[in-house]
Amino acid sequence: MSTTLRFLGASGYEIVGPTFRLLMEPFLTGNPVAPYTANDAPSPDVILVSHAAWDHSFDAAAIAIRTGAPVICPNDVAEKLLEDGVPAQQIRPSIWGVCYAFGEVVVRPVECHHWSAATLKDGRTVTGVPLSFVVETEPGVRIYHFGDTTIFPGMKMIGELYAPTVGILGCAQTDGLPDPGAGSLLTGEMTPDEAARAAEWLGVQEVVATHYMHPGPEIAELRRRVPVYDSSGKRVVHALSGGESLTLEPIPGDYPSLTWGRTSPEWDQDYRPSIPSGDIPGH
Amino acid sequence: MSTTLRFLGASGYEIVGPTFRLLMEPFLTGNPVAPYTANDAPSPDVILVSHAAWDHSFDAAAIAIRTGAPVICPNDVAEKLLEDGVPAQQIRPSIWGVCYAFGEVVVRPVECHHWSAATLKDGRTVTGVPLSFVVETEPGVRIYHFGDTTIFPGMKMIGELYAPTVGILGCAQTDGLPDPGAGSLLTGEMTPDEAARAAEWLGVQEVVATHYMHPGPEIAELRRRVPVYDSSGKRVVHALSGGESLTLEPIPGDYPSLTWGRTSPEWDQDYRPSIPSGDIPGH
Amino acid sequence: MSTTLRFLGASGYEIVGPTFRLLMEPFLTGNPVAPYTANDAPSPDVILVSHAAWDHSFDAAAIAIRTGAPVICPNDVAEKLLEDGVPAQQIRPSIWGVCYAFGEVVVRPVECHHWSAATLKDGRTVTGVPLSFVVETEPGVRIYHFGDTTIFPGMKMIGELYAPTVGILGCAQTDGLPDPGAGSLLTGEMTPDEAARAAEWLGVQEVVATHYMHPGPEIAELRRRVPVYDSSGKRVVHALSGGESLTLEPIPGDYPSLTWGRTSPEWDQDYRPSIPSGDIPGH
C-alpha cells in the first residue's frame with residue numbers, strides 16, 4: 001500500500017492513505033495555486049488545523065459544514081469555527097500530547113513554537129496554543145506537519161518518541177499574501193538552513209518543503225543544506241507545486257502506530273487490543 | 001521530620017510538611033473520589049493552581065474566600081478568581097522562574113507546556129500561560145507537580161537546577177469527565193511511557209502517578225516503563241486512590257532550598273540571611 | 001567601528017551602531033533612573049518591544065507617535081499600540097523566527113519563555129507570545145536581548161545558530177515597582193546563577209546584567225557565578241547604572257549577519273546579493 005500527499009498551496013495538503021483521507025491546513029479561497037475550491041474539495045475523514053492564521057485555516061469552516069468532517073485544532077480556532085457555524089460535535093480542540101481517534105485516524109498534536117490568534121465577528125481577539133501534528137496513515141508512513149513552528153531542540157525528542165518518516169517543513173514565507181505593517185519580510189518561521197537541521201532532528205527520510213505558493217530560491221538552498229546535516233545519507237527533498245502529488249511508500253517491515261504511544265506488548269493488550277500487534281524494536 | 005501527601009482525585013493534592021500545608025489543584029465539587037468538600041477542606045497556607053481547566057482549579061475560589069489562603073496561579077486564573085470574589089490581595093499571578101514566598105512557603109513556578117483558558121461570566125475567553133511547580137516542604141523533600149504539561153526536554157534542566165525528589169506526573173486522562181466534541185480520547189498529556197521518561201529527566205526518586213480519578217491500565221504500564229529509563233535503579237512508583245495518603249521521607253543530609261535558586265554561600269549571606277546555611281554540594 | 005549601548009533602567013537600552021539607532025524596551029515615564037523622557041528620547045530607526053509588561057513597553061506608543069519609528073512587537077502589544085494611536089503602518093507584529101528589515105536594521109525575534117498580556121481601554125485583556133531578540137549592529141556585534149525569558153535549554157540552539165556576542169540578561173527583578181497581590185517576591189525570571197548558565201549556553205563574550213533600576217546584590221552573585229560556567233575563560237560581566245553607556249567593540253575579522261540566516265555563498269547570491277560576502281566559517 002502507499003499514501004498520496006497532494007499539495008494545495010501554502011501549508012495545505014490532502015493526504016490519502018489506504019483507509020482514510022486527511023485535509024491539513026485548508027486555505028483555498030484566494031489561493032492562486034489551489035487545485036480545487038472549498039466547494040469541490042473531496043470529503044475528508046478529519047481536518048487538521050494548526051493555528052488560526054488565515055493561510056492555514058481559512059476554508060476549514062466551509063468544508064467542515066459542507067462535509068460534516070470533524071476538525072482538530074487549537075482552542076481559538078475552535079471558538080472561531082463555532083462562530084462560523086460548525087456544529088460543536090464536529091470540533092475537537094486539543095493540545096500537545098492529547099491524542100484523539102476519528103474513526104480509523106489517530107492524530108497526535110505535538111509542540112508548535114508559534115502563535116495563534118483569531119478575530120471574532122465583534123472584533124475581539126481570542127488566542128490559542130498552536131499545534132504541529134504527527135499522523136500515521138499506514139504502518140511505515142508517519143507524517144509530521146510543522147504547523148508553523150520555528151526550529152526548537154525539542155524536535156529531537158519528537159523524532160525519538162514518534163519516529164516520523166516524512167516531514168512537511170516550512171522553509172519560506174507564503175508568497176503573494178498581504179503583509180500590512182512596518183518593515184520588509186526577510187524569512188518565514190524557519191530558514192532553509194533551519195528546516196534542514198529540523199529534518200535531521202526529526203530523523204525523517206523525506207522532507208516536503210512547504211509554506212509557499214510558488215517554489216522560490218529557498219528550495220535550492222534547502223537542497224544544498226539538507227545534506228550538510230543528514231546523518232542518514234539518504235534524506236530526500238521534495239518541493240511540490242500547487243496541485244502536484246507525491247507518493248509515499250511505507251518503510252518496509254514497519255509496524256503500526258507509535259503516534260498513540262505504543263510502548264510495550266502488555267500495554268497494547270491492556271489498552272488497545274484492537275490495534276494489530278507486532279514486534280516493538282528498540283525497547 | 002516528614003511530609004504527607006494526600007491525593008484528592010484528578011491532579012489535586014494536599015501536602016502537609018513540618019511547617020506548612022499546601023493545597024494543589026483543588027477540584028472537589030463533582031469529584032467522586034474527593035475525601036472532603038470545598039467547605040470541609042483544611043485551611044491551607046497557600047493554594048497552587050497550574051491552569052484554568054476546571055479539573056485543576058474548580059474549587060480554588062471557594063476555598064480561598066472561606067480560608068483567606070493566597071493563590072498562586074497564571075494570569076487568566078487570576079482574572080477568573082477576581083471575578084469569583086477572591087480579594088486581589090490574596091491572588092498572586094506568576095510566571096516561570098518568578099518565585100514568591102508565602103510565609104514560610106517558597107513556590108517556584110517552572111515551565112509547563114500546555115494551555116490555559118478561562119471563560120468569564122460575560123462569555124469572554126481569557127488565556128494564560130500554564131505553570132508547573134517545584135516546592136520544598138523541608139530539606140530533602142522537593143516536590144515537582146506537572147501542572148498538566150506534556151513531556152519536553154527542558155525537564156532535564158528542571159531536574160538539574162531544582163533537583164526535585166518527588167515527581168507528581170500525569171500518565172492518563174482524568175476519567176469520568178465530560179469531553180464534548182469530536183473524536184475519541186486516546187491519551188492524556190503524557191502517556192505512561194512518557195511519564196517514565198519524564199521521571200528520569202527530572203531525576204526524581206519517587207513518582208506519584210496522577211491525572212486520574214481511579215487508577216486504570218496506565219498505572220501498570222507506568223510500572224513497567226519506569227525501570228526501562230531509570231538510571232538510578234531505585235525509582236519508586238506510587239498510584240494513590242482518592243483520599244489515600246503517602247509519607248515522604250526526606251533524603252538524609254540534604255540542605256535547604258534550591259527552589260529559590262541557592263547557589264553560593266555569599267549569595268545566601270547577601271540575599272537570604274534568614275535561610276539556614278549548609279554546604280552546597282556540586283558547586 | 002563600534003557600537004554604543006546605553007542603559008535606560010529596567011530592561012531598556014538605546015543601542016547606536018555605525019549606521020542605525022535602536023530603542024529597546026522603552027520604559028521612561030515613572031522610571032527614576034531614565035536619562036531622558038519620552039519627549040526627549042533620540043529618534044530611533046526601530047523600537048523593539050518584547051512583551052506588554054509596562055516596565056518593558058510603557059513609552060513605546062508615545063515615542064513611536066512622536067518620531068514615526070516602526071515598532072516590532074508581539075500581537076497583543078500591536079493591538080495596544082494601535083489603540084494608543086500608533087499608525088498601523090508603523091507597527092510590525094512578529095513571532096519567533098520571522099525576521100524583518102527596517103531600512104538597514106535586521107531584527108530576529110527568538111523564543112522567549114515568558115508571558116505577555118495587555119489591558120485595553122475597555123478593560124479587556126489581550127494576550128500575546130513574548131519575544132526575545134537578536135540584532136546585529138555591525139559585523140562582529142550581535143546583541144541578544146532576553147526580553148524577559150526564564151532560562152531554557154533552547155538558549156544553546158540560539159547560541160549555535162545566531163552566535164550572539166553580547167547577552168543582555170535579566171538576573172533580578174525590576175526594583176521599586178508596585179507588585180500588588182499576595183506573597184513576597186524572591187526572584188526575577190532568572191536568578192544570577194541562571195543568567196550565568198544562560199550566558200554560557202548563548203556563548204556570549206559579554207554579559208550585560210539587566211532587569212533592575214539600581215544594581216543590587218544579584219550583580220555580585222552574577223560575577224561570582226559567571227566564571228563557574230564559562231568555558232571560554234574570558235566572559236566579561238557589565239552592570240550599568242541608569243544613563244551609563246558601554247562601548248561594544250566588534251570581534252575582529254567577523255563577517256555580516258547570521259541574524260537573517262546566512263548559510264551558504266549561493267544563498268547569499270540568490271537571495272541577498274546586497275549583503276557583503278565573506279567566508280562562512282564552520283560550514
# chains A, B, ... in the order shown; residues from 1 in each chain; ligands from 1
call {"tool": "residues_around", "arguments": {"residues": "Pro252 in chain A", "least_positions_apart": "5", "cutoff": "10 Å", "atoms": "only C-alpha atoms", "output": "list in words"}}
result
Pro139, Gly140 and Val141 of chain A
call {"tool": "write_last_selection", "arguments": {"atoms": "all heavy atoms", "output": "PDB file, in the first residue's frame"}}
result
ATOM      1  N   PRO A 139       1.201   1.589   8.512  1.00  0.00           N
ATOM      2  CA  PRO A 139       2.477   1.232   9.138  1.00  0.00           C
ATOM      3  C   PRO A 139       3.637   1.637   8.222  1.00  0.00           C
ATOM      4  O   PRO A 139       3.647   1.328   7.035  1.00  0.00           O
ATOM      5  CB  PRO A 139       2.386  -0.286   9.297  1.00  0.00           C
ATOM      6  CG  PRO A 139       0.908  -0.550   9.376  1.00  0.00           C
ATOM      7  CD  PRO A 139       0.276   0.457   8.457  1.00  0.00           C
ATOM      8  N   GLY A 140       4.589   2.394   8.778  1.00  0.00           N
ATOM      9  CA  GLY A 140       5.737   2.818   7.987  1.00  0.00           C
ATOM     10  C   GLY A 140       5.570   4.155   7.286  1.00  0.00           C
ATOM     11  O   GLY A 140       6.488   4.597   6.593  1.00  0.00           O
ATOM     12  N   VAL A 141       4.424   4.795   7.444  1.00  0.00           N
ATOM     13  CA  VAL A 141       4.259   6.175   6.951  1.00  0.00           C
ATOM     14  C   VAL A 141       3.727   7.021   8.101  1.00  0.00           C
ATOM     15  O   VAL A 141       2.542   6.966   8.442  1.00  0.00           O
ATOM     16  CB  VAL A 141       3.301   6.267   5.740  1.00  0.00           C
ATOM     17  CG1 VAL A 141       3.170   7.727   5.289  1.00  0.00           C
ATOM     18  CG2 VAL A 141       3.776   5.405   4.582  1.00  0.00           C
TER      19      VAL A 141
END
call {"tool": "residues_around", "arguments": {"residues": "range 11-28 of chain C", "least_positions_apart": "4", "cutoff": "8 Å", "atoms": "only C-alpha atoms", "output": "VMD selection string"}}
result
chain C and resid 1 to 7 34 36 to 38 43 to 50 54 to 60 104 to 105 137 to 138 147 170 210 to 212
call {"tool": "interface_residues", "arguments": {"of": "chain A", "to": "chain C", "cutoff": "9 Å", "atoms": "only C-alpha atoms", "output": "count of residues only"}}
result
38
call {"tool": "closest_residue", "arguments": {"among": "B:Val226, B:Val134, B:Ala209, B:Ala62", "to": "Thr174 in chain B", "atoms": "only C-alpha atoms"}}
result
B:Ala209
call {"tool": "atom_distance", "arguments": {"atom1": "CA of Gln205 in chain A", "atom2": "CA of Pro35 in chain A"}}
result
26.7 Å
call {"tool": "select_by_dssp", "arguments": {"residues": "range 171-277 of chain B", "states": "alpha helix (DSSP H)", "output": "PyMOL selection string"}}
result
chain B and resi 192-202+217-229+265-271
call {"tool": "atom_distance", "arguments": {"atom1": "CA of Asp230 in chain C", "atom2": "CA of Glu200 in chain C"}}
result
5.8 Å
call {"tool": "atom_distance", "arguments": {"atom1": "CA of Cys171 in chain B", "atom2": "CA of Pro256 in chain B"}}
result
29.8 Å
call {"tool": "select_by_dssp", "arguments": {"residues": "range 89-283 of chain A", "states": "strand (DSSP E)", "output": "PDB file with N, CA, C and O atoms, in the first residue's frame"}}
result
ATOM      1  N   ILE A  91     -16.206  19.618  16.350  1.00  0.00           N
ATOM      2  CA  ILE A  91     -14.993  20.358  16.702  1.00  0.00           C
ATOM      3  C   ILE A  91     -14.254  19.657  17.830  1.00  0.00           C
ATOM      4  O   ILE A  91     -14.864  19.271  18.829  1.00  0.00           O
ATOM      5  N   ARG A  92     -12.984  19.508  17.671  1.00  0.00           N
ATOM      6  CA  ARG A  92     -12.151  18.886  18.690  1.00  0.00           C
ATOM      7  C   ARG A  92     -10.962  19.791  19.007  1.00  0.00           C
ATOM      8  O   ARG A  92      -9.929  19.697  18.360  1.00  0.00           O
ATOM      9  N   PRO A  93     -11.107  20.701  19.969  1.00  0.00           N
ATOM     10  CA  PRO A  93      -9.912  21.398  20.406  1.00  0.00           C
ATOM     11  C   PRO A  93      -8.996  20.415  21.127  1.00  0.00           C
ATOM     12  O   PRO A  93      -9.464  19.547  21.872  1.00  0.00           O
ATOM     13  N   TYR A 100      -6.337  12.021  19.816  1.00  0.00           N
ATOM     14  CA  TYR A 100      -7.721  11.613  19.568  1.00  0.00           C
ATOM     15  C   TYR A 100      -7.764  10.702  18.353  1.00  0.00           C
ATOM     16  O   TYR A 100      -6.955  10.841  17.417  1.00  0.00           O
ATOM     17  N   ALA A 101      -8.727   9.793  18.388  1.00  0.00           N
ATOM     18  CA  ALA A 101      -9.042   8.976  17.208  1.00  0.00           C
ATOM     19  C   ALA A 101     -10.319   9.502  16.581  1.00  0.00           C
ATOM     20  O   ALA A 101     -11.283   9.828  17.286  1.00  0.00           O
ATOM     21  N   PHE A 102     -10.320   9.584  15.259  1.00  0.00           N
ATOM     22  CA  PHE A 102     -11.508   9.926  14.485  1.00  0.00           C
ATOM     23  C   PHE A 102     -11.720   8.744  13.555  1.00  0.00           C
ATOM     24  O   PHE A 102     -11.049   8.640  12.518  1.00  0.00           O
ATOM     25  N   VAL A 105      -8.555   7.137  12.119  1.00  0.00           N
ATOM     26  CA  VAL A 105      -7.441   8.083  12.116  1.00  0.00           C
ATOM     27  C   VAL A 105      -7.032   8.444  13.534  1.00  0.00           C
ATOM     28  O   VAL A 105      -7.895   8.833  14.332  1.00  0.00           O
ATOM     29  N   VAL A 106      -5.745   8.311  13.834  1.00  0.00           N
ATOM     30  CA  VAL A 106      -5.204   8.763  15.112  1.00  0.00           C
ATOM     31  C   VAL A 106      -4.373  10.018  14.862  1.00  0.00           C
ATOM     32  O   VAL A 106      -3.493  10.013  13.995  1.00  0.00           O
ATOM     33  N   VAL A 107      -4.662  11.062  15.608  1.00  0.00           N
ATOM     34  CA  VAL A 107      -3.929  12.322  15.439  1.00  0.00           C
ATOM     35  C   VAL A 107      -3.194  12.654  16.727  1.00  0.00           C
ATOM     36  O   VAL A 107      -3.798  12.697  17.797  1.00  0.00           O
ATOM     37  N   ARG A 108      -1.892  12.850  16.593  1.00  0.00           N
ATOM     38  CA  ARG A 108      -1.079  13.272  17.740  1.00  0.00           C
ATOM     39  C   ARG A 108      -0.660  14.724  17.549  1.00  0.00           C
ATOM     40  O   ARG A 108       0.155  15.023  16.685  1.00  0.00           O
ATOM     41  N   PRO A 109      -1.199  15.643  18.360  1.00  0.00           N
ATOM     42  CA  PRO A 109      -0.684  17.017  18.348  1.00  0.00           C
ATOM     43  C   PRO A 109       0.637  17.086  19.124  1.00  0.00           C
ATOM     44  O   PRO A 109       0.745  16.499  20.205  1.00  0.00           O
ATOM     45  N   VAL A 110       1.605  17.753  18.550  1.00  0.00           N
ATOM     46  CA  VAL A 110       2.899  17.919  19.233  1.00  0.00           C
ATOM     47  C   VAL A 110       3.232  19.411  19.302  1.00  0.00           C
ATOM     48  O   VAL A 110       2.594  20.242  18.657  1.00  0.00           O
ATOM     49  N   GLU A 111       4.266  19.709  20.060  1.00  0.00           N
ATOM     50  CA  GLU A 111       4.599  21.115  20.310  1.00  0.00           C
ATOM     51  C   GLU A 111       4.856  21.887  19.020  1.00  0.00           C
ATOM     52  O   GLU A 111       5.564  21.420  18.134  1.00  0.00           O
ATOM     53  N   ALA A 117      -3.952  33.353  16.869  1.00  0.00           N
ATOM     54  CA  ALA A 117      -4.913  34.373  17.298  1.00  0.00           C
ATOM     55  C   ALA A 117      -5.983  34.507  16.229  1.00  0.00           C
ATOM     56  O   ALA A 117      -5.670  34.657  15.048  1.00  0.00           O
ATOM     57  N   ALA A 118      -7.236  34.453  16.656  1.00  0.00           N
ATOM     58  CA  ALA A 118      -8.371  34.601  15.740  1.00  0.00           C
ATOM     59  C   ALA A 118      -9.148  35.853  16.109  1.00  0.00           C
ATOM     60  O   ALA A 118      -9.249  36.202  17.279  1.00  0.00           O
ATOM     61  N   THR A 119      -9.689  36.518  15.094  1.00  0.00           N
ATOM     62  CA  THR A 119     -10.532  37.685  15.347  1.00  0.00           C
ATOM     63  C   THR A 119     -11.984  37.277  15.173  1.00  0.00           C
ATOM     64  O   THR A 119     -12.371  36.756  14.124  1.00  0.00           O
ATOM     65  N   THR A 125     -10.201  39.646  19.904  1.00  0.00           N
ATOM     66  CA  THR A 125      -9.163  38.681  19.578  1.00  0.00           C
ATOM     67  C   THR A 125      -9.200  37.549  20.589  1.00  0.00           C
ATOM     68  O   THR A 125      -9.252  37.802  21.793  1.00  0.00           O
ATOM     69  N   VAL A 126      -9.199  36.319  20.101  1.00  0.00           N
ATOM     70  CA  VAL A 126      -9.010  35.182  21.006  1.00  0.00           C
ATOM     71  C   VAL A 126      -7.714  34.496  20.605  1.00  0.00           C
ATOM     72  O   VAL A 126      -7.396  34.402  19.420  1.00  0.00           O
ATOM     73  N   THR A 127      -6.973  34.055  21.597  1.00  0.00           N
ATOM     74  CA  THR A 127      -5.687  33.435  21.309  1.00  0.00           C
ATOM     75  C   THR A 127      -5.698  31.971  21.721  1.00  0.00           C
ATOM     76  O   THR A 127      -6.485  31.567  22.575  1.00  0.00           O
ATOM     77  N   LEU A 131      -0.512  24.139  17.203  1.00  0.00           N
ATOM     78  CA  LEU A 131      -0.214  22.709  17.149  1.00  0.00           C
ATOM     79  C   LEU A 131       0.640  22.366  15.937  1.00  0.00           C
ATOM     80  O   LEU A 131       0.480  22.948  14.865  1.00  0.00           O
ATOM     81  N   SER A 132       1.524  21.417  16.085  1.00  0.00           N
ATOM     82  CA  SER A 132       2.047  20.637  14.967  1.00  0.00           C
ATOM     83  C   SER A 132       1.408  19.254  15.110  1.00  0.00           C
ATOM     84  O   SER A 132       0.769  18.962  16.120  1.00  0.00           O
ATOM     85  N   PHE A 133       1.572  18.417  14.101  1.00  0.00           N
ATOM     86  CA  PHE A 133       0.883  17.129  14.122  1.00  0.00           C
ATOM     87  C   PHE A 133       1.804  15.994  13.670  1.00  0.00           C
ATOM     88  O   PHE A 133       2.656  16.193  12.791  1.00  0.00           O
ATOM     89  N   VAL A 134       1.575  14.805  14.255  1.00  0.00           N
ATOM     90  CA  VAL A 134       2.120  13.563  13.700  1.00  0.00           C
ATOM     91  C   VAL A 134       0.932  12.642  13.426  1.00  0.00           C
ATOM     92  O   VAL A 134       0.092  12.429  14.309  1.00  0.00           O
ATOM     93  N   VAL A 135       0.871  12.142  12.200  1.00  0.00           N
ATOM     94  CA  VAL A 135      -0.218  11.250  11.806  1.00  0.00           C
ATOM     95  C   VAL A 135       0.370  10.055  11.071  1.00  0.00           C
ATOM     96  O   VAL A 135       1.220  10.214  10.194  1.00  0.00           O
ATOM     97  N   GLU A 136      -0.086   8.875  11.421  1.00  0.00           N
ATOM     98  CA  GLU A 136       0.329   7.655  10.740  1.00  0.00           C
ATOM     99  C   GLU A 136      -0.777   7.228   9.782  1.00  0.00           C
ATOM    100  O   GLU A 136      -1.887   6.908  10.225  1.00  0.00           O
ATOM    101  N   THR A 137      -0.471   7.207   8.516  1.00  0.00           N
ATOM    102  CA  THR A 137      -1.508   6.833   7.539  1.00  0.00           C
ATOM    103  C   THR A 137      -1.543   5.331   7.297  1.00  0.00           C
ATOM    104  O   THR A 137      -2.562   4.785   6.860  1.00  0.00           O
ATOM    105  N   GLU A 138      -0.421   4.658   7.562  1.00  0.00           N
ATOM    106  CA  GLU A 138      -0.324   3.203   7.460  1.00  0.00           C
ATOM    107  C   GLU A 138       0.996   2.836   8.144  1.00  0.00           C
ATOM    108  O   GLU A 138       1.842   3.712   8.372  1.00  0.00           O
ATOM    109  N   VAL A 141       4.424   4.795   7.444  1.00  0.00           N
ATOM    110  CA  VAL A 141       4.259   6.175   6.951  1.00  0.00           C
ATOM    111  C   VAL A 141       3.727   7.021   8.101  1.00  0.00           C
ATOM    112  O   VAL A 141       2.542   6.966   8.442  1.00  0.00           O
ATOM    113  N   ARG A 142       4.621   7.771   8.707  1.00  0.00           N
ATOM    114  CA  ARG A 142       4.247   8.676   9.804  1.00  0.00           C
ATOM    115  C   ARG A 142       4.623  10.088   9.371  1.00  0.00           C
ATOM    116  O   ARG A 142       5.802  10.390   9.172  1.00  0.00           O
ATOM    117  N   ILE A 143       3.620  10.921   9.226  1.00  0.00           N
ATOM    118  CA  ILE A 143       3.807  12.248   8.648  1.00  0.00           C
ATOM    119  C   ILE A 143       3.786  13.299   9.747  1.00  0.00           C
ATOM    120  O   ILE A 143       2.823  13.393  10.513  1.00  0.00           O
ATOM    121  N   TYR A 144       4.860  14.081   9.804  1.00  0.00           N
ATOM    122  CA  TYR A 144       4.938  15.243  10.697  1.00  0.00           C
ATOM    123  C   TYR A 144       4.616  16.476   9.879  1.00  0.00           C
ATOM    124  O   TYR A 144       5.210  16.687   8.823  1.00  0.00           O
ATOM    125  N   HIS A 145       3.672  17.286  10.351  1.00  0.00           N
ATOM    126  CA  HIS A 145       3.393  18.586   9.727  1.00  0.00           C
ATOM    127  C   HIS A 145       3.802  19.667  10.720  1.00  0.00           C
ATOM    128  O   HIS A 145       3.349  19.662  11.863  1.00  0.00           O
ATOM    129  N   VAL A 166       8.244  11.185   7.391  1.00  0.00           N
ATOM    130  CA  VAL A 166       8.102  12.284   6.434  1.00  0.00           C
ATOM    131  C   VAL A 166       7.927  13.576   7.219  1.00  0.00           C
ATOM    132  O   VAL A 166       7.147  13.602   8.181  1.00  0.00           O
ATOM    133  N   GLY A 167       8.634  14.630   6.817  1.00  0.00           N
ATOM    134  CA  GLY A 167       8.492  15.921   7.487  1.00  0.00           C
ATOM    135  C   GLY A 167       8.042  16.993   6.517  1.00  0.00           C
ATOM    136  O   GLY A 167       8.757  17.294   5.568  1.00  0.00           O
ATOM    137  N   ILE A 168       6.864  17.534   6.752  1.00  0.00           N
ATOM    138  CA  ILE A 168       6.392  18.690   5.981  1.00  0.00           C
ATOM    139  C   ILE A 168       6.890  19.916   6.738  1.00  0.00           C
ATOM    140  O   ILE A 168       6.425  20.213   7.848  1.00  0.00           O
ATOM    141  N   LEU A 169       7.883  20.594   6.150  1.00  0.00           N
ATOM    142  CA  LEU A 169       8.651  21.593   6.890  1.00  0.00           C
ATOM    143  C   LEU A 169       8.663  22.927   6.162  1.00  0.00           C
ATOM    144  O   LEU A 169       9.073  23.003   4.998  1.00  0.00           O
ATOM    145  N   GLY A 170       8.273  23.969   6.841  1.00  0.00           N
ATOM    146  CA  GLY A 170       8.370  25.311   6.277  1.00  0.00           C
ATOM    147  C   GLY A 170       9.818  25.728   6.116  1.00  0.00           C
ATOM    148  O   GLY A 170      10.650  25.439   6.972  1.00  0.00           O
ATOM    149  N   SER A 184      10.253  45.072   6.060  1.00  0.00           N
ATOM    150  CA  SER A 184      10.258  44.154   4.920  1.00  0.00           C
ATOM    151  C   SER A 184      10.521  42.757   5.425  1.00  0.00           C
ATOM    152  O   SER A 184      11.508  42.514   6.134  1.00  0.00           O
ATOM    153  N   LEU A 185       9.666  41.846   5.009  1.00  0.00           N
ATOM    154  CA  LEU A 185       9.797  40.462   5.454  1.00  0.00           C
ATOM    155  C   LEU A 185      11.067  39.827   4.890  1.00  0.00           C
ATOM    156  O   LEU A 185      11.333  39.908   3.693  1.00  0.00           O
ATOM    157  N   GLU A 206      12.109  11.671   4.299  1.00  0.00           N
ATOM    158  CA  GLU A 206      11.659  12.546   3.219  1.00  0.00           C
ATOM    159  C   GLU A 206      11.265  13.902   3.779  1.00  0.00           C
ATOM    160  O   GLU A 206      10.524  13.984   4.761  1.00  0.00           O
ATOM    161  N   VAL A 207      11.767  14.947   3.133  1.00  0.00           N
ATOM    162  CA  VAL A 207      11.442  16.316   3.502  1.00  0.00           C
ATOM    163  C   VAL A 207      10.514  16.877   2.434  1.00  0.00           C
ATOM    164  O   VAL A 207      10.853  16.845   1.246  1.00  0.00           O
ATOM    165  N   VAL A 208       9.365  17.362   2.848  1.00  0.00           N
ATOM    166  CA  VAL A 208       8.462  18.053   1.934  1.00  0.00           C
ATOM    167  C   VAL A 208       8.503  19.533   2.294  1.00  0.00           C
ATOM    168  O   VAL A 208       8.005  19.935   3.352  1.00  0.00           O
ATOM    169  N   ALA A 209       9.145  20.322   1.433  1.00  0.00           N
ATOM    170  CA  ALA A 209       9.251  21.765   1.683  1.00  0.00           C
ATOM    171  C   ALA A 209       7.865  22.379   1.600  1.00  0.00           C
ATOM    172  O   ALA A 209       7.053  21.994   0.747  1.00  0.00           O
ATOM    173  N   THR A 210       7.593  23.352   2.457  1.00  0.00           N
ATOM    174  CA  THR A 210       6.273  23.981   2.400  1.00  0.00           C
ATOM    175  C   THR A 210       6.326  25.421   2.869  1.00  0.00           C
ATOM    176  O   THR A 210       7.377  25.998   3.079  1.00  0.00           O
ATOM    177  N   VAL A 236      15.737  12.735   1.345  1.00  0.00           N
ATOM    178  CA  VAL A 236      15.268  13.236   0.055  1.00  0.00           C
ATOM    179  C   VAL A 236      14.439  14.500   0.275  1.00  0.00           C
ATOM    180  O   VAL A 236      13.678  14.579   1.237  1.00  0.00           O
ATOM    181  N   VAL A 237      14.604  15.465  -0.627  1.00  0.00           N
ATOM    182  CA  VAL A 237      13.843  16.720  -0.539  1.00  0.00           C
ATOM    183  C   VAL A 237      12.825  16.784  -1.680  1.00  0.00           C
ATOM    184  O   VAL A 237      13.180  16.558  -2.840  1.00  0.00           O
ATOM    185  N   HIS A 238      11.593  17.087  -1.343  1.00  0.00           N
ATOM    186  CA  HIS A 238      10.536  17.306  -2.332  1.00  0.00           C
ATOM    187  C   HIS A 238      10.052  18.748  -2.219  1.00  0.00           C
ATOM    188  O   HIS A 238       9.938  19.275  -1.107  1.00  0.00           O
ATOM    189  N   SER A 245       1.126  15.958  -6.760  1.00  0.00           N
ATOM    190  CA  SER A 245       1.043  14.878  -5.770  1.00  0.00           C
ATOM    191  C   SER A 245       2.369  14.144  -5.627  1.00  0.00           C
ATOM    192  O   SER A 245       3.206  14.150  -6.550  1.00  0.00           O
ATOM    193  N   LEU A 246       2.525  13.511  -4.500  1.00  0.00           N
ATOM    194  CA  LEU A 246       3.722  12.732  -4.187  1.00  0.00           C
ATOM    195  C   LEU A 246       3.250  11.418  -3.580  1.00  0.00           C
ATOM    196  O   LEU A 246       2.349  11.411  -2.729  1.00  0.00           O
ATOM    197  N   THR A 247       3.846  10.317  -4.020  1.00  0.00           N
ATOM    198  CA  THR A 247       3.511   9.022  -3.431  1.00  0.00           C
ATOM    199  C   THR A 247       4.533   8.676  -2.355  1.00  0.00           C
ATOM    200  O   THR A 247       5.739   8.728  -2.601  1.00  0.00           O
ATOM    201  N   LEU A 248       4.025   8.348  -1.178  1.00  0.00           N
ATOM    202  CA  LEU A 248       4.886   7.981  -0.058  1.00  0.00           C
ATOM    203  C   LEU A 248       4.806   6.476   0.140  1.00  0.00           C
ATOM    204  O   LEU A 248       3.751   5.941   0.472  1.00  0.00           O
TER     205      LEU A 248
END
call {"tool": "residues_around", "arguments": {"residues": "Glu160 in chain A", "least_positions_apart": "5", "cutoff": "9 Å", "atoms": "only C-alpha atoms", "output": "list of chain:residue names"}}
result
A:Met155, A:Trp201, A:Leu202, A:Gly203
